[in-house]
file input_1.pdb (PDB, C-alpha atoms)
ATOM      1  CA  MET A   1      21.754 -25.867  -6.350
ATOM      2  CA  VAL A   2      22.707 -22.219  -6.622
ATOM      3  CA  ALA A   3      20.924 -22.034  -9.980
ATOM      4  CA  ALA A   4      17.850 -23.658  -8.458
ATOM      5  CA  GLY A   5      17.946 -21.151  -5.635
ATOM      6  CA  CYS A   6      18.199 -18.273  -8.077
ATOM      7  CA  LEU A   7      15.262 -19.649 -10.058
ATOM      8  CA  PHE A   8      13.236 -19.985  -6.869
ATOM      9  CA  LEU A   9      13.991 -16.405  -5.884
ATOM     10  CA  ALA A  10      13.121 -15.121  -9.343
ATOM     11  CA  LEU A  11       9.809 -16.956  -9.263
ATOM     12  CA  CYS A  12       9.056 -15.528  -5.852
ATOM     13  CA  ALA A  13       9.825 -11.978  -6.920
ATOM     14  CA  GLY A  14       6.857  -9.664  -7.388
ATOM     15  CA  ALA A  15       5.483  -9.602 -10.907
ATOM     16  CA  ALA A  16       4.555  -5.938 -11.081
ATOM     17  CA  GLN A  17       8.044  -4.417 -11.059
ATOM     18  CA  PRO A  18      10.474  -7.189 -11.974
ATOM     19  CA  SER A  19      12.947  -4.911 -13.653
ATOM     20  CA  LEU A  20      15.221  -4.461 -10.656
ATOM     21  CA  VAL A  21      15.598  -8.170  -9.933
ATOM     22  CA  HIS A  22      19.119  -9.416 -10.668
ATOM     23  CA  LYS A  23      20.306  -5.834 -11.150
ATOM     24  CA  PRO A  24      22.446  -3.803  -8.747
ATOM     25  CA  ALA A  25      20.341  -2.368  -5.958
ATOM     26  CA  PRO A  26      20.082   1.421  -6.328
ATOM     27  CA  ILE A  27      22.482   3.046  -3.900
ATOM     28  CA  PHE A  28      21.282   5.609  -1.391
ATOM     29  CA  VAL A  29      22.558   7.343   1.698
ATOM     30  CA  ARG A  30      20.168   8.426   4.419
ATOM     31  CA  THR A  31      20.253   9.359   8.064
ATOM     32  CA  SER A  32      18.192   7.066  10.248
ATOM     33  CA  LEU A  33      15.679   8.313  12.775
ATOM     34  CA  SER A  34      18.266   7.628  15.466
ATOM     35  CA  GLY A  35      20.859   9.738  13.646
ATOM     36  CA  GLN A  36      22.871   6.871  12.156
ATOM     37  CA  ARG A  37      24.313   7.311   8.652
ATOM     38  CA  ILE A  38      22.947   4.545   6.427
ATOM     39  CA  ASP A  39      24.880   3.937   3.231
ATOM     40  CA  LEU A  40      23.581   1.011   1.213
ATOM     41  CA  ALA A  41      26.921   0.724  -0.596
ATOM     42  CA  ALA A  42      28.581   0.063   2.746
ATOM     43  CA  CYS A  43      26.322  -2.960   3.210
ATOM     44  CA  ARG A  44      28.081  -4.825   0.377
ATOM     45  CA  GLY A  45      28.998  -8.257   1.740
ATOM     46  CA  LYS A  46      25.802  -8.461   3.756
ATOM     47  CA  VAL A  47      22.358  -9.665   2.805
ATOM     48  CA  VAL A  48      20.050  -6.661   3.043
ATOM     49  CA  LEU A  49      16.332  -6.783   3.699
ATOM     50  CA  LEU A  50      15.084  -3.404   2.498
ATOM     51  CA  ASN A  51      11.494  -2.876   3.554
ATOM     52  CA  PHE A  52       9.244  -0.007   2.494
ATOM     53  CA  TRP A  53       6.433   0.544   4.985
ATOM     54  CA  ALA A  54       4.214   3.182   6.574
ATOM     55  CA  THR A  55       2.457   3.675   9.864
ATOM     56  CA  TRP A  56      -0.955   3.547   8.172
ATOM     57  CA  CYS A  57      -0.209   0.210   6.495
ATOM     58  CA  GLY A  58      -1.749  -2.681   8.430
ATOM     59  CA  PRO A  59       0.203  -5.551   6.845
ATOM     60  CA  CYS A  60       3.426  -3.609   7.471
ATOM     61  CA  GLN A  61       2.813  -3.705  11.211
ATOM     62  CA  VAL A  62       2.610  -7.483  11.044
ATOM     63  CA  GLU A  63       5.908  -7.859   9.213
ATOM     64  CA  LEU A  64       8.098  -5.416  11.108
ATOM     65  CA  PRO A  65       8.312  -7.351  14.395
ATOM     66  CA  ARG A  66       9.379 -10.455  12.443
ATOM     67  CA  PHE A  67      12.061  -8.454  10.694
ATOM     68  CA  SER A  68      13.258  -7.363  14.113
ATOM     69  CA  GLU A  69      13.492 -11.006  15.194
ATOM     70  CA  TRP A  70      15.409 -11.864  12.035
ATOM     71  CA  GLN A  71      17.828  -9.010  12.621
ATOM     72  CA  LYS A  72      18.638 -10.540  16.007
ATOM     73  CA  GLN A  73      18.765 -14.109  14.709
ATOM     74  CA  TYR A  74      20.538 -13.625  11.405
ATOM     75  CA  GLY A  75      22.416 -10.380  12.029
ATOM     76  CA  PRO A  76      25.542 -12.216  13.200
ATOM     77  CA  LYS A  77      25.382 -14.289   9.993
ATOM     78  CA  GLY A  78      25.322 -11.214   7.790
ATOM     79  CA  LEU A  79      21.726  -9.938   7.576
ATOM     80  CA  GLN A  80      21.047  -6.207   7.703
ATOM     81  CA  VAL A  81      17.454  -5.012   7.880
ATOM     82  CA  ILE A  82      16.765  -1.448   6.751
ATOM     83  CA  ALA A  83      13.256  -0.036   6.899
ATOM     84  CA  VAL A  84      12.149   2.926   4.800
ATOM     85  CA  SER A  85       9.090   4.742   6.062
ATOM     86  CA  MET A  86       6.959   6.121   3.245
ATOM     87  CA  ASP A  87       4.945   8.285   5.610
ATOM     88  CA  ASP A  88       4.632  11.893   4.543
ATOM     89  CA  ASP A  89       6.486  13.021   7.665
ATOM     90  CA  SER A  90       8.285  11.425  10.589
ATOM     91  CA  THR A  91       5.999  12.726  13.333
ATOM     92  CA  GLY A  92       3.970   9.551  13.629
ATOM     93  CA  VAL A  93       6.801   7.218  12.706
ATOM     94  CA  ARG A  94       8.950   7.587  15.817
ATOM     95  CA  PRO A  95       6.250   6.416  18.269
ATOM     96  CA  VAL A  96       5.552   3.341  16.135
ATOM     97  CA  VAL A  97       9.261   2.499  15.949
ATOM     98  CA  ARG A  98       9.439   2.768  19.736
ATOM     99  CA  LYS A  99       6.238   0.799  20.258
ATOM    100  CA  LEU A 100       7.379  -2.036  17.997
ATOM    101  CA  ASN A 101      10.838  -1.861  19.558
ATOM    102  CA  LEU A 102      12.520  -2.001  16.163
ATOM    103  CA  ASP A 103      16.234  -2.421  16.595
ATOM    104  CA  PHE A 104      17.282  -1.894  12.987
ATOM    105  CA  PRO A 105      17.750   1.383  11.123
ATOM    106  CA  VAL A 106      14.598   3.183  10.038
ATOM    107  CA  VAL A 107      14.995   5.972   7.495
ATOM    108  CA  MET A 108      12.441   8.290   5.945
ATOM    109  CA  GLY A 109      11.731   7.726   2.284
ATOM    110  CA  ASP A 110      10.617  10.187  -0.344
ATOM    111  CA  GLU A 111       9.425  10.374  -3.924
ATOM    112  CA  ARG A 112      12.989  10.127  -5.244
ATOM    113  CA  LEU A 113      13.820   6.970  -3.310
ATOM    114  CA  GLY A 114      10.506   5.424  -4.306
ATOM    115  CA  LYS A 115      11.165   6.056  -7.981
ATOM    116  CA  LEU A 116      14.729   4.794  -7.607
ATOM    117  CA  TYR A 117      13.248   1.452  -6.585
ATOM    118  CA  GLY A 118      10.865   1.282  -9.507
ATOM    119  CA  GLY A 119       8.008   3.166  -7.885
ATOM    120  CA  VAL A 120       6.749   2.216  -4.470
ATOM    121  CA  LEU A 121       3.063   2.489  -5.281
ATOM    122  CA  GLY A 122       1.672   0.105  -2.730
ATOM    123  CA  LEU A 123       2.824  -1.128   0.621
ATOM    124  CA  PRO A 124       4.492  -3.102   1.965
ATOM    125  CA  VAL A 125       7.271  -3.791  -0.513
ATOM    126  CA  THR A 126      10.420  -5.654   0.461
ATOM    127  CA  PHE A 127      13.613  -6.048  -1.516
ATOM    128  CA  LEU A 128      16.089  -8.778  -0.704
ATOM    129  CA  ILE A 129      19.586  -7.766  -1.737
ATOM    130  CA  SER A 130      22.322 -10.362  -2.003
ATOM    131  CA  ARG A 131      25.840 -10.021  -0.657
ATOM    132  CA  ASP A 132      27.056  -8.813  -4.047
ATOM    133  CA  GLY A 133      24.651  -5.880  -3.941
ATOM    134  CA  LYS A 134      22.157  -7.207  -6.469
ATOM    135  CA  VAL A 135      18.401  -7.326  -5.997
ATOM    136  CA  ALA A 136      17.488 -10.965  -5.481
ATOM    137  CA  ALA A 137      13.770 -10.515  -4.952
ATOM    138  CA  ARG A 138      11.012  -7.936  -4.833
ATOM    139  CA  ILE A 139       8.205  -9.059  -2.559
ATOM    140  CA  GLU A 140       5.009  -7.105  -2.627
ATOM    141  CA  GLY A 141       2.084  -6.964  -0.245
ATOM    142  CA  GLY A 142       1.719  -8.846   2.979
ATOM    143  CA  ALA A 143       4.439 -11.414   2.489
ATOM    144  CA  ASP A 144       4.537 -15.124   3.145
ATOM    145  CA  LEU A 145       7.014 -14.651   5.953
ATOM    146  CA  GLN A 146       8.042 -18.298   6.070
ATOM    147  CA  ALA A 147       8.917 -18.205   2.381
ATOM    148  CA  MET A 148      10.760 -14.916   2.845
ATOM    149  CA  GLU A 149      12.774 -16.366   5.716
ATOM    150  CA  ARG A 150      13.764 -19.323   3.540
ATOM    151  CA  GLN A 151      14.938 -16.922   0.854
ATOM    152  CA  ILE A 152      17.015 -15.048   3.406
ATOM    153  CA  GLN A 153      18.542 -18.285   4.636
ATOM    154  CA  GLN A 154      19.435 -19.197   1.059
ATOM    155  CA  LEU A 155      20.996 -15.810   0.422
ATOM    156  CA  LEU A 156      22.998 -15.964   3.623
ATOM    157  CA  ALA A 157      24.435 -19.269   2.465
ATOM    158  CA  LEU A 158      25.597 -17.763  -0.861
ATOM    159  CA  HIS A 159      29.154 -16.451  -0.731
TER     160      HIS A 159
ATOM    161  CA  MET B 160     -25.837 -31.963  11.498
ATOM    162  CA  THR B 161     -22.089 -31.606  11.854
ATOM    163  CA  ARG B 162     -20.603 -28.504  13.450
ATOM    164  CA  CYS B 163     -18.941 -27.685  10.127
ATOM    165  CA  SER B 164     -22.176 -27.696   8.149
ATOM    166  CA  PHE B 165     -23.813 -25.581  10.848
ATOM    167  CA  TYR B 166     -21.150 -22.896  10.433
ATOM    168  CA  VAL B 167     -21.500 -23.059   6.648
ATOM    169  CA  ARG B 168     -25.251 -22.441   6.985
ATOM    170  CA  VAL B 169     -24.672 -19.521   9.352
ATOM    171  CA  CYS B 170     -22.225 -17.974   6.882
ATOM    172  CA  LEU B 171     -24.622 -18.429   3.974
ATOM    173  CA  VAL B 172     -27.506 -16.822   5.865
ATOM    174  CA  GLY B 173     -25.232 -13.921   6.861
ATOM    175  CA  ALA B 174     -24.067 -13.402   3.308
ATOM    176  CA  LEU B 175     -27.683 -13.470   2.072
ATOM    177  CA  ALA B 176     -28.649 -10.857   4.649
ATOM    178  CA  VAL B 177     -25.822  -8.553   3.515
ATOM    179  CA  LEU B 178     -26.813  -8.995  -0.140
ATOM    180  CA  LEU B 179     -30.457  -8.197   0.648
ATOM    181  CA  PHE B 180     -29.363  -5.116   2.572
ATOM    182  CA  LEU B 181     -27.199  -3.912  -0.304
ATOM    183  CA  GLY B 182     -29.988  -4.497  -2.759
ATOM    184  CA  ALA B 183     -32.482  -2.576  -0.667
ATOM    185  CA  ALA B 184     -30.228   0.418  -0.004
ATOM    186  CA  PRO B 185     -31.260   3.569  -1.827
ATOM    187  CA  GLN B 186     -28.999   4.434  -4.754
ATOM    188  CA  SER B 187     -29.784   8.129  -5.009
ATOM    189  CA  ARG B 188     -27.241   9.225  -2.447
ATOM    190  CA  ALA B 189     -23.669   8.303  -1.553
ATOM    191  CA  GLN B 190     -24.184   5.430   0.833
ATOM    192  CA  PHE B 191     -22.254   4.326   3.833
ATOM    193  CA  PHE B 192     -22.909   1.795   6.494
ATOM    194  CA  GLY B 193     -19.665   1.826   8.395
ATOM    195  CA  GLY B 194     -18.944   3.236  11.825
ATOM    196  CA  GLU B 195     -16.845   6.265  12.707
ATOM    197  CA  ALA B 196     -14.525   7.663  10.069
ATOM    198  CA  SER B 197     -11.420   6.440  11.839
ATOM    199  CA  SER B 198     -12.604   2.831  11.804
ATOM    200  CA  ALA B 199     -14.328   2.757   8.401
ATOM    201  CA  SER B 200     -12.886   0.151   6.094
ATOM    202  CA  ALA B 201     -12.827   0.325   2.318
ATOM    203  CA  THR B 202     -14.903  -2.836   2.336
ATOM    204  CA  SER B 203     -17.747  -0.871   3.927
ATOM    205  CA  ILE B 204     -18.264   1.049   0.682
ATOM    206  CA  PRO B 205     -21.232  -0.495  -1.146
ATOM    207  CA  GLN B 206     -20.429  -2.494  -4.276
ATOM    208  CA  ALA B 207     -22.785  -0.320  -6.308
ATOM    209  CA  GLN B 208     -20.621   2.715  -5.602
ATOM    210  CA  LEU B 209     -17.402   1.152  -6.900
ATOM    211  CA  ILE B 210     -15.893   1.872 -10.289
ATOM    212  CA  GLN B 211     -13.305  -0.384 -11.879
ATOM    213  CA  PRO B 212      -9.974   1.017 -13.129
ATOM    214  CA  ASP B 213     -10.681   0.188 -16.762
ATOM    215  CA  ALA B 214     -14.078   1.884 -16.601
ATOM    216  CA  LEU B 215     -12.542   5.028 -15.130
ATOM    217  CA  ARG B 216      -9.805   5.047 -17.749
ATOM    218  CA  HIS B 217     -12.421   4.893 -20.512
ATOM    219  CA  LEU B 218     -14.451   7.591 -18.820
ATOM    220  CA  LEU B 219     -11.471   9.933 -18.562
ATOM    221  CA  GLN B 220     -10.416   9.316 -22.145
ATOM    222  CA  SER B 221     -13.893   9.542 -23.621
ATOM    223  CA  GLY B 222     -13.953  13.322 -23.797
ATOM    224  CA  GLY B 223     -17.602  13.321 -22.813
ATOM    225  CA  THR B 224     -19.327  15.732 -20.471
ATOM    226  CA  GLN B 225     -19.591  13.158 -17.699
ATOM    227  CA  LYS B 226     -15.962  13.444 -16.640
ATOM    228  CA  PRO B 227     -15.662  13.235 -12.882
ATOM    229  CA  LEU B 228     -13.502  15.169 -10.503
ATOM    230  CA  VAL B 229     -10.882  12.608  -9.438
ATOM    231  CA  LEU B 230      -9.509  12.977  -5.916
ATOM    232  CA  GLN B 231      -6.566  11.020  -4.503
ATOM    233  CA  VAL B 232      -7.212  10.385  -0.820
ATOM    234  CA  GLY B 233      -3.982   8.567   0.057
ATOM    235  CA  SER B 234      -0.515   9.690   1.026
ATOM    236  CA  HIS B 235       1.180  12.593  -0.707
ATOM    237  CA  MET B 236       4.306  10.515  -1.260
ATOM    238  CA  MET B 237       2.301   8.053  -3.332
ATOM    239  CA  TYR B 238       0.631  10.897  -5.223
ATOM    240  CA  SER B 239       3.906  12.603  -6.057
ATOM    241  CA  GLN B 240       5.379   9.357  -7.420
ATOM    242  CA  ALA B 241       2.436   8.616  -9.675
ATOM    243  CA  HIS B 242      -1.172   9.681  -9.964
ATOM    244  CA  ILE B 243      -4.061   9.724 -12.411
ATOM    245  CA  PRO B 244      -3.641  12.699 -14.739
ATOM    246  CA  GLY B 245      -5.876  15.540 -13.685
ATOM    247  CA  SER B 246      -6.507  14.067 -10.273
ATOM    248  CA  VAL B 247      -6.247  16.307  -7.249
ATOM    249  CA  TYR B 248      -4.453  15.441  -4.025
ATOM    250  CA  ALA B 249      -7.052  15.594  -1.250
ATOM    251  CA  GLY B 250      -5.191  14.215   1.764
ATOM    252  CA  PRO B 251      -5.211  10.795   3.441
ATOM    253  CA  GLY B 252      -8.708   9.817   4.493
ATOM    254  CA  ALA B 253      -7.426   8.038   7.573
ATOM    255  CA  GLU B 254      -6.242  11.303   9.129
ATOM    256  CA  SER B 255      -8.366  14.162  10.396
ATOM    257  CA  ASN B 256      -6.265  16.765   8.593
ATOM    258  CA  GLY B 257      -6.677  14.711   5.431
ATOM    259  CA  LEU B 258     -10.454  14.789   5.801
ATOM    260  CA  GLN B 259     -10.275  18.552   6.364
ATOM    261  CA  LEU B 260      -8.318  18.933   3.135
ATOM    262  CA  LEU B 261     -10.852  16.757   1.343
ATOM    263  CA  ALA B 262     -13.685  18.922   2.613
ATOM    264  CA  SER B 263     -11.913  22.056   1.434
ATOM    265  CA  LYS B 264     -11.376  20.580  -2.047
ATOM    266  CA  VAL B 265     -15.104  20.014  -2.519
ATOM    267  CA  SER B 266     -16.474  22.962  -0.547
ATOM    268  CA  SER B 267     -17.437  24.988  -3.603
ATOM    269  CA  LEU B 268     -18.852  22.118  -5.634
ATOM    270  CA  PRO B 269     -22.531  21.340  -6.200
ATOM    271  CA  LYS B 270     -23.697  18.340  -4.201
ATOM    272  CA  ASN B 271     -24.491  16.390  -7.347
ATOM    273  CA  LYS B 272     -20.962  16.774  -8.730
ATOM    274  CA  PHE B 273     -19.625  13.485 -10.099
ATOM    275  CA  ILE B 274     -16.622  12.647  -7.900
ATOM    276  CA  VAL B 275     -14.315   9.630  -7.995
ATOM    277  CA  ILE B 276     -12.009   8.989  -5.066
ATOM    278  CA  TYR B 277      -9.044   6.639  -5.123
ATOM    279  CA  CYS B 278      -6.077   5.578  -3.028
ATOM    280  CA  GLY B 279      -4.295   2.315  -3.915
ATOM    281  CA  CYS B 280      -1.860   2.395  -1.017
ATOM    282  CA  CYS B 281      -2.571  -1.201  -0.028
ATOM    283  CA  PRO B 282      -4.845  -4.104  -0.907
ATOM    284  CA  TRP B 283      -8.480  -2.958  -0.860
ATOM    285  CA  SER B 284      -9.425  -4.670   2.382
ATOM    286  CA  HIS B 285      -6.475  -3.044   4.173
ATOM    287  CA  CYS B 286      -6.844   0.491   2.814
ATOM    288  CA  PRO B 287      -7.352   2.888   5.725
ATOM    289  CA  ASN B 288      -8.187   5.895   3.562
ATOM    290  CA  MET B 289     -11.064   5.035   1.237
ATOM    291  CA  GLY B 290     -13.744   4.283   3.811
ATOM    292  CA  PRO B 291     -13.347   7.491   5.823
ATOM    293  CA  ALA B 292     -13.028   9.620   2.671
ATOM    294  CA  TYR B 293     -16.192   8.099   1.217
ATOM    295  CA  LYS B 294     -18.028   8.623   4.490
ATOM    296  CA  LYS B 295     -16.870  12.237   4.664
ATOM    297  CA  LEU B 296     -18.266  13.003   1.218
ATOM    298  CA  HIS B 297     -21.480  11.224   2.170
ATOM    299  CA  ASP B 298     -21.735  13.269   5.348
ATOM    300  CA  LEU B 299     -21.146  16.445   3.354
ATOM    301  CA  GLY B 300     -24.156  15.532   1.239
ATOM    302  CA  PHE B 301     -22.528  14.551  -2.027
ATOM    303  CA  THR B 302     -24.829  12.340  -4.038
ATOM    304  CA  ASN B 303     -22.715  11.170  -6.959
ATOM    305  CA  VAL B 304     -19.562   9.666  -5.492
ATOM    306  CA  LYS B 305     -17.760   6.606  -6.808
ATOM    307  CA  ALA B 306     -14.800   4.822  -5.249
ATOM    308  CA  LEU B 307     -12.142   3.445  -7.581
ATOM    309  CA  TYR B 308     -11.768  -0.231  -6.728
ATOM    310  CA  ILE B 309      -8.044  -0.946  -6.607
ATOM    311  CA  ALA B 310      -7.732  -4.576  -5.637
ATOM    312  CA  ASN B 311      -4.028  -4.687  -4.837
ATOM    313  CA  ASN B 312      -2.327  -1.328  -5.229
ATOM    314  CA  PHE B 313      -2.028   1.621  -7.604
ATOM    315  CA  GLY B 314       1.211   0.238  -9.055
ATOM    316  CA  ASP B 315      -0.281  -3.108 -10.034
ATOM    317  CA  ASP B 316      -3.812  -2.088 -10.875
ATOM    318  CA  TRP B 317      -3.200   1.143 -12.739
ATOM    319  CA  VAL B 318       0.464   1.893 -13.571
ATOM    320  CA  ALA B 319       1.492  -1.636 -14.587
ATOM    321  CA  LYS B 320      -1.519  -1.840 -16.906
ATOM    322  CA  GLY B 321      -0.166   1.046 -18.899
ATOM    323  CA  TYR B 322      -2.937   3.441 -17.937
ATOM    324  CA  PRO B 323      -2.111   7.167 -18.061
ATOM    325  CA  VAL B 324       0.008   8.473 -15.201
ATOM    326  CA  ASP B 325       1.440  11.791 -14.103
ATOM    327  CA  SER B 326       3.970  12.434 -11.382
ATOM    328  CA  GLY B 327       4.972  15.380  -9.238
ATOM    329  CA  ASN B 328       2.982  17.636  -6.976
TER     330      ASN B 328
END
call {"tool": "encode", "arguments": {"input": "input_1.pdb", "output": "structure tokens"}}
result
Amino acid sequence: MVAAGCLFLALCAGAAQPSLVHKPAPIFVRTSLSGQRIDLAACRGKVVLLNFWATWCGPCQVELPRFSEWQKQYGPKGLQVIAVSMDDDSTGVRPVVRKLNLDFPVVMGDERLGKLYGGVLGLPVTFLISRDGKVAARIEGGADLQAMERQIQQLLALH
Amino acid sequence: MTRCSFYVRVCLVGALAVLLFLGAAPQSRAQFFGGEASSASATSIPQAQLIQPDALRHLLQSGGTQKPLVLQVGSHMMYSQAHIPGSVYAGPGAESNGLQLLASKVSSLPKNKFIVIYCGCCPWSHCPNMGPAYKKLHDLGFTNVKALYIANNFGDDWVAKGYPVDSGN
């Protein structure tokens, strides 16, 4: 069943940049917009939903509220959502975070972080990272949120 | 007639009207039929003014005299990660300061200069930058502007195809 789950996740992963899938997620440390230190290495043991987005990205605005719901629903079971804004500066990001009432860490991205994750050359892009710190899926574009939620549920069940 | 077939007929007539309009539009000048810059969608750029990635790649590699000025009208973070070699960052078309930067980049150029704009931040129908940038160049009087049609994003439709890429500022 685990193997079937892994196969399913691999098939669901984005085709453009598959190289990170099944490999350790690149580690980074950032300070969130609210001043919280975010260390991806410290998230080991949790399932991480790492979402790259921007204020000018329409499909991103659709996904983010769902991610917020999932953080509430699955947070106690081990999900950690981290959003990386790929806006050129944070000026316009803060109002959107407030408006969408996002209650997970939002950090500012940059060229280096984008390249670390294989090049974030289109938004949105979401990485699902398993409890052992490996990239389980790379999901590109406006995602099938039901399918993504099923993947998260599967990953949360893997210990 | 069922309600369903009625709607199908309405859609077909609408599509025919759009096609007739596109066919009748003059080709001698950069065309635009969207609204204000802030609300212009990439899909408002006429089909005739689009250029496909493979065609642009050939054009840039041909060494001919018809090489265009290529302007990236998306975010700087995307540009610094990867961009078309020789292309110039011209600011995000969705923002007023981006359109100002675009205007400054073309201010000294003749109005018939061959210009290609591109973004690739998001799927074409969601791109907030291409429509306003195209409209700006149209409003400035440029007559030979093409928009690079990037269906999904710059990563998939240019980089992943192995086309030439530069990075940095």
call {"tool": "interface_residues", "arguments": {"input": "input_1.pdb", "of": "chain B", "to": "chain A", "cutoff": "8 Å", "atoms": "only C-alpha atoms", "output": "VMD selection string"}}
result
chain B and resid 234 to 237 239 to 241 253 279 to 282 285 to 287 311 to 315 319
call {"tool": "resolve_selection", "arguments": {"input": "input_1.pdb", "expression": "the PyMOL selection byres ((chain B and resi 254-268) around 10)", "output": "PDB file with C-alpha atoms, in the frame of the given file"}}
result
ATOM      1  CA  TRP A  56      -0.955   3.547   8.172  1.00  0.00           C
TER       2      TRP A  56
ATOM      3  CA  ALA B 196     -14.525   7.663  10.069  1.00  0.00           C
ATOM      4  CA  SER B 197     -11.420   6.440  11.839  1.00  0.00           C
ATOM      5  CA  LEU B 228     -13.502  15.169 -10.503  1.00  0.00           C
ATOM      6  CA  LEU B 230      -9.509  12.977  -5.916  1.00  0.00           C
ATOM      7  CA  GLN B 231      -6.566  11.020  -4.503  1.00  0.00           C
ATOM      8  CA  VAL B 232      -7.212  10.385  -0.820  1.00  0.00           C
ATOM      9  CA  GLY B 233      -3.982   8.567   0.057  1.00  0.00           C
ATOM     10  CA  SER B 234      -0.515   9.690   1.026  1.00  0.00           C
ATOM     11  CA  VAL B 247      -6.247  16.307  -7.249  1.00  0.00           C
ATOM     12  CA  TYR B 248      -4.453  15.441  -4.025  1.00  0.00           C
ATOM     13  CA  ALA B 249      -7.052  15.594  -1.250  1.00  0.00           C
ATOM     14  CA  GLY B 250      -5.191  14.215   1.764  1.00  0.00           C
ATOM     15  CA  PRO B 251      -5.211  10.795   3.441  1.00  0.00           C
ATOM     16  CA  GLY B 252      -8.708   9.817   4.493  1.00  0.00           C
ATOM     17  CA  ALA B 253      -7.426   8.038   7.573  1.00  0.00           C
ATOM     18  CA  PRO B 269     -22.531  21.340  -6.200  1.00  0.00           C
ATOM     19  CA  LYS B 270     -23.697  18.340  -4.201  1.00  0.00           C
ATOM     20  CA  ASN B 271     -24.491  16.390  -7.347  1.00  0.00           C
ATOM     21  CA  LYS B 272     -20.962  16.774  -8.730  1.00  0.00           C
ATOM     22  CA  PHE B 273     -19.625  13.485 -10.099  1.00  0.00           C
ATOM     23  CA  ILE B 274     -16.622  12.647  -7.900  1.00  0.00           C
ATOM     24  CA  PRO B 287      -7.352   2.888   5.725  1.00  0.00           C
ATOM     25  CA  ASN B 288      -8.187   5.895   3.562  1.00  0.00           C
ATOM     26  CA  PRO B 291     -13.347   7.491   5.823  1.00  0.00           C
ATOM     27  CA  ALA B 292     -13.028   9.620   2.671  1.00  0.00           C
ATOM     28  CA  TYR B 293     -16.192   8.099   1.217  1.00  0.00           C
ATOM     29  CA  LYS B 294     -18.028   8.623   4.490  1.00  0.00           C
ATOM     30  CA  LYS B 295     -16.870  12.237   4.664  1.00  0.00           C
ATOM     31  CA  LEU B 296     -18.266  13.003   1.218  1.00  0.00           C
ATOM     32  CA  LEU B 299     -21.146  16.445   3.354  1.00  0.00           C
ATOM     33  CA  PHE B 301     -22.528  14.551  -2.027  1.00  0.00           C
TER      34      PHE B 301
END
call {"tool": "resolve_selection", "arguments": {"input": "input_1.pdb", "expression": "the PyMOL selection byres ((chain A and resi 30) around 9)", "output": "PyMOL selection string"}}
result
chain A and resi 28-29+31-32+36-40+107-109
call {"tool": "write_last_selection", "arguments": {"input": "input_1.pdb", "atoms": "C-alpha atoms", "output": "tab-separated table (two decimals), in the frame of the given file"}}
result
chain	number	residue	atom	x	y	z
A	28	PHE	CA	21.28	5.61	-1.39
A	29	VAL	CA	22.56	7.34	1.70
A	31	THR	CA	20.25	9.36	8.06
A	32	SER	CA	18.19	7.07	10.25
A	36	GLN	CA	22.87	6.87	12.16
A	37	ARG	CA	24.31	7.31	8.65
A	38	ILE	CA	22.95	4.54	6.43
A	39	ASP	CA	24.88	3.94	3.23
A	40	LEU	CA	23.58	1.01	1.21
A	107	VAL	CA	15.00	5.97	7.50
A	108	MET	CA	12.44	8.29	5.94
A	109	GLY	CA	11.73	7.73	2.28
call {"tool": "atom_distance", "arguments": {"input": "input_1.pdb", "atom1": "CA of Gln220 (chain B)", "atom2": "CA of Trp317 (chain B)"}}
result
14.4 Å
call {"tool": "atom_distance", "arguments": {"input": "input_1.pdb", "atom1": "CA of Ser90 (chain A)", "atom2": "CA of Gln61 (chain A)"}}
result
16.1 Å
call {"tool": "axis_aligned_box", "arguments": {"input": "input_1.pdb", "around": "region 230-245 of chain B", "padding_each_side": "8 Å", "output": "JSON"}}
result
{"center_x": -2.1, "center_y": 11.8, "center_z": -6.9, "size_x": 30.9, "size_y": 23.5, "size_z": 31.8}
call {"tool": "atom_distance", "arguments": {"input": "input_1.pdb", "atom1": "CA of Gly223 (chain B)", "atom2": "CA of Leu307 (chain B)"}}
result
19.0 Å
call {"tool": "residues_around", "arguments": {"input": "input_1.pdb", "residues": "Ser68 (chain A)", "least_positions_apart": "2", "cutoff": "7 Å", "atoms": "only C-alpha atoms", "output": "list in words"}}
result
Leu64, Pro65, Arg66, Trp70, Gln71, Lys72, Leu102, Asp103 and Phe104 of chain A
call {"tool": "residues_around", "arguments": {"input": "input_1.pdb", "residues": "Ala306 (chain B)", "least_positions_apart": "6", "cutoff": "7 Å", "atoms": "all atoms listed in the file", "output": "list in words"}}
result
Gln208, Leu209, Ile210, Val275, Ile276 and Tyr277 of chain B
call {"tool": "write_last_selection", "arguments": {"input": "input_1.pdb", "atoms": "C-alpha atoms", "output": "PDB file, keeping the file's coordinate frame"}}
result
ATOM      1  CA  GLN B 208     -20.621   2.715  -5.602  1.00  0.00           C
ATOM      2  CA  LEU B 209     -17.402   1.152  -6.900  1.00  0.00           C
ATOM      3  CA  ILE B 210     -15.893   1.872 -10.289  1.00  0.00           C
ATOM      4  CA  VAL B 275     -14.315   9.630  -7.995  1.00  0.00           C
ATOM      5  CA  ILE B 276     -12.009   8.989  -5.066  1.00  0.00           C
ATOM      6  CA  TYR B 277      -9.044   6.639  -5.123  1.00  0.00           C
TER       7      TYR B 277
END
call {"tool": "resolve_selection", "arguments": {"input": "input_1.pdb", "expression": "the PyMOL selection byres ((chain A and resi 50) around 8)", "output": "short mmCIF file (atom, residue, chain, number, x, y, z; two decimals) with C-alpha atoms, in the coordinates of the input"}}
result
data_model
loop_
_atom_site.label_atom_id
_atom_site.label_comp_id
_atom_site.auth_asym_id
_atom_site.auth_seq_id
_atom_site.Cartn_x
_atom_site.Cartn_y
_atom_site.Cartn_z
CA VAL A 48 20.05 -6.66 3.04
CA LEU A 49 16.33 -6.78 3.70
CA ASN A 51 11.49 -2.88 3.55
CA PHE A 52 9.24 -0.01 2.49
CA VAL A 81 17.45 -5.01 7.88
CA ILE A 82 16.76 -1.45 6.75
CA ALA A 83 13.26 -0.04 6.90
CA VAL A 84 12.15 2.93 4.80
CA THR A 126 10.42 -5.65 0.46
CA PHE A 127 13.61 -6.05 -1.52
CA LEU A 128 16.09 -8.78 -0.70
CA ILE A 129 19.59 -7.77 -1.74
#
